[in-house]
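Single-structure report; data block below.
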Amino acid sequence: MNIVVFFSGTGTNLQSILQNEKKLNYKVISTFTNNPDASGIDISKNFNIDCKILDHKKFDSREKFDEEINIYLQKLNPDYVILAGYMRILSNFLVEKWKQKIINIHPSLLPKYPGLNTHERALLAGDKLHGTTIHYVTSDLDAGPIIRQQSIEIEPDDTIESLTEKIKKLENKIYPETISNL
Ligand code: GAR
């Protein structure tokens with residue numbers, strides 16, 4: 001199973017997907033980022049993976065940017081497109097073209113807290129549980145069919161930083177496993 005991984009930042013999920021590749025049932029054939037400063041670019045290099053860098057700021061519309069992405073994906077024709085901390089909303093046409101093939105991981109127990117600042121929102125709400133969700137991408141933001149969800153307890157001394165770390169640790173474990181079982 002050939003996959004392409006999209007990221008925008010630190011890339012801990014990318015790293016974990018790459019580290020687990022040999023023992024699991026997928027092959028990362030390329031990576032993609034919209035952010036020329038993303039640490040995931042170096043991670044890709046370390047694993048000898050070709051990383052396509054396309055700075056969205058150089059495009060005057062989301063659609064034009066996503067048209068380039070579509071050309072890139074059509075050349076590779078992956079089985080799945082894996083979003084791992086990819087912080088751009090995809091245009092409807094791209095989601096339709098790759099229907100049921102784009103997977104996202106989102107740091108909340110969806111349908112709670114779609115969008116940004118999920119750890120802060122869970123803390124402010126006084127939630128006892130928080131977690132992460134792996135789901136198919138549809139044209140509704142963070143609302144596609146759920147593939148896997150896993151929770152952790154929020155401790156009284158948890159902060160945005162501690163939750164970020166705990167959730168990423170959980171994601172780094174379950175994302176590769178879940179991809180392998182697609
Ligand atoms: C992850 O926690 C992921 O769930 C989140 O960004 C983080 C990326 O971490 N994704 C989103 O918020 C998407 N809406 P990473 O760069 O270390 O993998």
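All residue names refer to the structure tokens as shown: chains lettered A, B, ... in order, residues numbered from 1 in each chain, ligands numbered from 1 in order.
Taking only stretch 67-170 of chain A, the residues that DSSP calls strand (DSSP E or B) from the backbone come to Tyr80, Val81, Ile82, Leu83, Ile102, Ile103, Asn104, Ile105, His106, Leu129, His130, Gly131, Thr132, Thr133, Ile134, His135, Tyr136, Ile146, Ile147, Arg148, Gln149, Gln150, Ser151, Ile152 and Glu153 of chain A.
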Emit the selected residues as a PDB file, in the first residue's frame, including C-alpha atoms.
ATOM      1  CA  TYR A  80      -3.908   6.964   0.527  1.00  0.00           C
ATOM      2  CA  VAL A  81      -3.037  10.561   1.314  1.00  0.00           C
ATOM      3  CA  ILE A  82      -2.228  10.814   5.009  1.00  0.00           C
ATOM      4  CA  LEU A  83      -2.572  14.208   6.686  1.00  0.00           C
ATOM      5  CA  ILE A 102      -7.555  11.187   2.366  1.00  0.00           C
ATOM      6  CA  ILE A 103      -7.132  10.427   6.070  1.00  0.00           C
ATOM      7  CA  ASN A 104      -6.602  12.979   8.847  1.00  0.00           C
ATOM      8  CA  ILE A 105      -5.642  12.867  12.502  1.00  0.00           C
ATOM      9  CA  HIS A 106      -7.229  15.510  14.685  1.00  0.00           C
ATOM     10  CA  LEU A 129     -11.409  13.207  28.908  1.00  0.00           C
ATOM     11  CA  HIS A 130      -9.538  14.346  25.831  1.00  0.00           C
ATOM     12  CA  GLY A 131      -8.053  12.455  22.917  1.00  0.00           C
ATOM     13  CA  THR A 132      -7.437  12.093  19.243  1.00  0.00           C
ATOM     14  CA  THR A 133      -9.451  11.004  16.218  1.00  0.00           C
ATOM     15  CA  ILE A 134      -8.429   9.455  12.917  1.00  0.00           C
ATOM     16  CA  HIS A 135     -11.040  10.031  10.224  1.00  0.00           C
ATOM     17  CA  TYR A 136     -11.737  10.187   6.508  1.00  0.00           C
ATOM     18  CA  ILE A 146     -14.344   8.168  12.133  1.00  0.00           C
ATOM     19  CA  ILE A 147     -11.882   5.296  11.727  1.00  0.00           C
ATOM     20  CA  ARG A 148     -10.397   5.265  15.233  1.00  0.00           C
ATOM     21  CA  GLN A 149     -10.601   7.365  18.346  1.00  0.00           C
ATOM     22  CA  GLN A 150      -8.612   7.095  21.544  1.00  0.00           C
ATOM     23  CA  SER A 151      -8.915   9.015  24.780  1.00  0.00           C
ATOM     24  CA  ILE A 152      -6.747   9.999  27.745  1.00  0.00           C
ATOM     25  CA  GLU A 153      -7.759  11.379  31.125  1.00  0.00           C
TER      26      GLU A 153
END
Note to self: Can you work out which residues are within 9 Å of ligand 1, considering only C-alpha atoms and all ligand atoms, and then hand them over as a ChimeraX atom specification?
What the structure shows: /A:7-16,38-40,83-89,104-108,114-118,132-134,141-142,164-165,167-169,171-172
Output for the residues just chosen: N, CA and C atoms as a tab-separated table (two decimals), in the first residue's frame:
chain	number	residue	atom	x	y	z
A	7	PHE	N	2.34	17.26	5.78
A	7	PHE	CA	2.58	17.85	7.11
A	7	PHE	C	2.84	19.34	6.94
A	8	SER	N	2.72	20.06	8.08
A	8	SER	CA	3.01	21.50	8.05
A	8	SER	C	4.02	21.93	9.10
A	9	GLY	N	4.33	21.06	10.06
A	9	GLY	CA	5.13	21.54	11.19
A	9	GLY	C	6.17	20.55	11.67
A	10	THR	N	6.06	20.23	12.96
A	10	THR	CA	7.09	19.47	13.66
A	10	THR	C	7.31	18.08	13.07
A	11	GLY	N	6.23	17.42	12.72
A	11	GLY	CA	6.37	16.13	12.04
A	11	GLY	C	6.62	14.93	12.92
A	12	THR	N	6.17	14.97	14.20
A	12	THR	CA	6.37	13.76	15.02
A	12	THR	C	5.55	12.59	14.47
A	13	ASN	N	4.37	12.88	13.95
A	13	ASN	CA	3.57	11.80	13.36
A	13	ASN	C	4.23	11.27	12.09
A	14	LEU	N	4.76	12.18	11.28
A	14	LEU	CA	5.49	11.75	10.08
A	14	LEU	C	6.63	10.82	10.48
A	15	GLN	N	7.41	11.26	11.48
A	15	GLN	CA	8.55	10.46	11.93
A	15	GLN	C	8.12	9.06	12.36
A	16	SER	N	7.04	9.01	13.11
A	16	SER	CA	6.57	7.72	13.61
A	16	SER	C	6.05	6.84	12.46
A	38	ALA	N	9.18	23.77	7.70
A	38	ALA	CA	8.70	22.67	8.55
A	38	ALA	C	9.83	21.68	8.86
A	39	SER	N	9.90	21.24	10.13
A	39	SER	CA	10.95	20.29	10.52
A	39	SER	C	10.79	18.95	9.81
A	40	GLY	N	9.60	18.65	9.39
A	40	GLY	CA	9.34	17.37	8.69
A	40	GLY	C	10.15	17.24	7.40
A	83	LEU	N	-2.84	12.89	6.12
A	83	LEU	CA	-2.57	14.21	6.69
A	83	LEU	C	-2.06	14.02	8.11
A	84	ALA	N	-0.84	14.53	8.35
A	84	ALA	CA	-0.21	14.35	9.67
A	84	ALA	C	0.23	15.74	10.15
A	85	GLY	N	-0.72	16.47	10.73
A	85	GLY	CA	-0.41	17.84	11.13
A	85	GLY	C	-0.34	18.76	9.92
A	86	TYR	N	-1.18	18.49	8.93
A	86	TYR	CA	-1.26	19.37	7.74
A	86	TYR	C	-2.32	20.43	8.03
A	87	MET	N	-1.88	21.69	8.14
A	87	MET	CA	-2.74	22.72	8.71
A	87	MET	C	-3.41	23.61	7.65
A	88	ARG	N	-3.66	23.05	6.47
A	88	ARG	CA	-4.39	23.79	5.44
A	88	ARG	C	-5.72	23.08	5.17
A	89	ILE	N	-6.77	23.85	5.04
A	89	ILE	CA	-8.05	23.26	4.64
A	89	ILE	C	-7.97	22.89	3.16
A	104	ASN	N	-7.15	11.92	7.98
A	104	ASN	CA	-6.60	12.98	8.85
A	104	ASN	C	-6.55	12.49	10.29
A	105	ILE	N	-5.63	13.09	11.04
A	105	ILE	CA	-5.64	12.87	12.50
A	105	ILE	C	-5.89	14.22	13.14
A	106	HIS	N	-6.83	14.24	14.08
A	106	HIS	CA	-7.23	15.51	14.69
A	106	HIS	C	-7.17	15.38	16.21
A	107	PRO	N	-6.54	16.38	16.89
A	107	PRO	CA	-6.28	16.24	18.32
A	107	PRO	C	-7.47	16.59	19.22
A	108	SER	N	-8.57	15.88	19.04
A	108	SER	CA	-9.71	16.00	19.96
A	108	SER	C	-10.60	14.78	19.77
A	114	PRO	N	-13.79	20.57	16.62
A	114	PRO	CA	-13.16	20.66	15.29
A	114	PRO	C	-12.38	21.98	15.22
A	115	GLY	N	-11.47	22.10	14.27
A	115	GLY	CA	-10.72	23.36	14.13
A	115	GLY	C	-9.50	23.42	15.02
A	116	LEU	N	-9.17	24.63	15.46
A	116	LEU	CA	-7.88	24.86	16.14
A	116	LEU	C	-8.01	24.88	17.67
A	117	ASN	N	-6.87	24.94	18.35
A	117	ASN	CA	-6.77	25.14	19.81
A	117	ASN	C	-7.57	24.11	20.62
A	118	THR	N	-7.50	22.87	20.21
A	118	THR	CA	-8.34	21.84	20.83
A	118	THR	C	-7.97	21.58	22.30
A	132	THR	N	-7.76	11.86	20.64
A	132	THR	CA	-7.44	12.09	19.24
A	132	THR	C	-8.32	11.23	18.36
A	133	THR	N	-8.54	11.69	17.13
A	133	THR	CA	-9.45	11.00	16.22
A	133	THR	C	-8.81	10.87	14.84
A	134	ILE	N	-8.88	9.68	14.30
A	134	ILE	CA	-8.43	9.45	12.92
A	134	ILE	C	-9.69	9.28	12.07
A	141	LEU	N	-15.31	20.30	7.52
A	141	LEU	CA	-14.06	20.32	8.30
A	141	LEU	C	-14.12	19.40	9.53
A	142	ASP	N	-13.16	18.48	9.60
A	142	ASP	CA	-13.01	17.58	10.76
A	142	ASP	C	-14.30	16.82	11.09
A	164	THR	N	-0.53	18.66	24.75
A	164	THR	CA	0.04	18.54	23.40
A	164	THR	C	0.99	17.34	23.34
A	165	GLU	N	1.83	17.25	24.37
A	165	GLU	CA	2.81	16.17	24.40
A	165	GLU	C	2.15	14.80	24.54
A	167	ILE	N	-0.95	13.91	23.84
A	167	ILE	CA	-1.76	13.54	22.67
A	167	ILE	C	-0.86	13.14	21.51
A	168	LYS	N	0.24	13.87	21.34
A	168	LYS	CA	1.14	13.50	20.23
A	168	LYS	C	1.72	12.09	20.45
A	169	LYS	N	2.04	11.79	21.72
A	169	LYS	CA	2.60	10.47	22.03
A	169	LYS	C	1.58	9.37	21.64
A	171	GLU	N	-0.90	9.72	19.48
A	171	GLU	CA	-1.06	9.73	18.01
A	171	GLU	C	0.09	8.99	17.33
A	172	ASN	N	1.30	9.23	17.84
A	172	ASN	CA	2.48	8.59	17.23
A	172	ASN	C	2.37	7.07	17.32
Item checked: DSSP-assigned helix (DSSP H, G or I) among stretch 11-53 of chain A, expressed as a ChimeraX atom specification -> /A:12-19,40-46
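Nearest to A:Ser162 of all the residues A:Asp140, A:Asp127, A:Glu120, A:Asp37 is A:Glu120, counting only C-alpha atoms.
For the pair atom CA of A:Ile154 and atom CA of A:Leu124, the interatomic distance is 11.6 Å.
Contact shell of A:Gln19 at 12 Å (only C-alpha atoms; same-chain neighbours under 2 positions omitted): A:Thr12, A:Asn13, A:Leu14, A:Gln15, A:Ser16, A:Ile17, A:Glu21, A:Lys22, A:Lys23, A:Leu24, A:Tyr26, A:Lys27, A:Val28, A:Ile43, A:Ser44, A:Asn46, A:Phe47, A:Asn172, A:Lys173, A:Tyr175, A:Pro176, A:Glu177.
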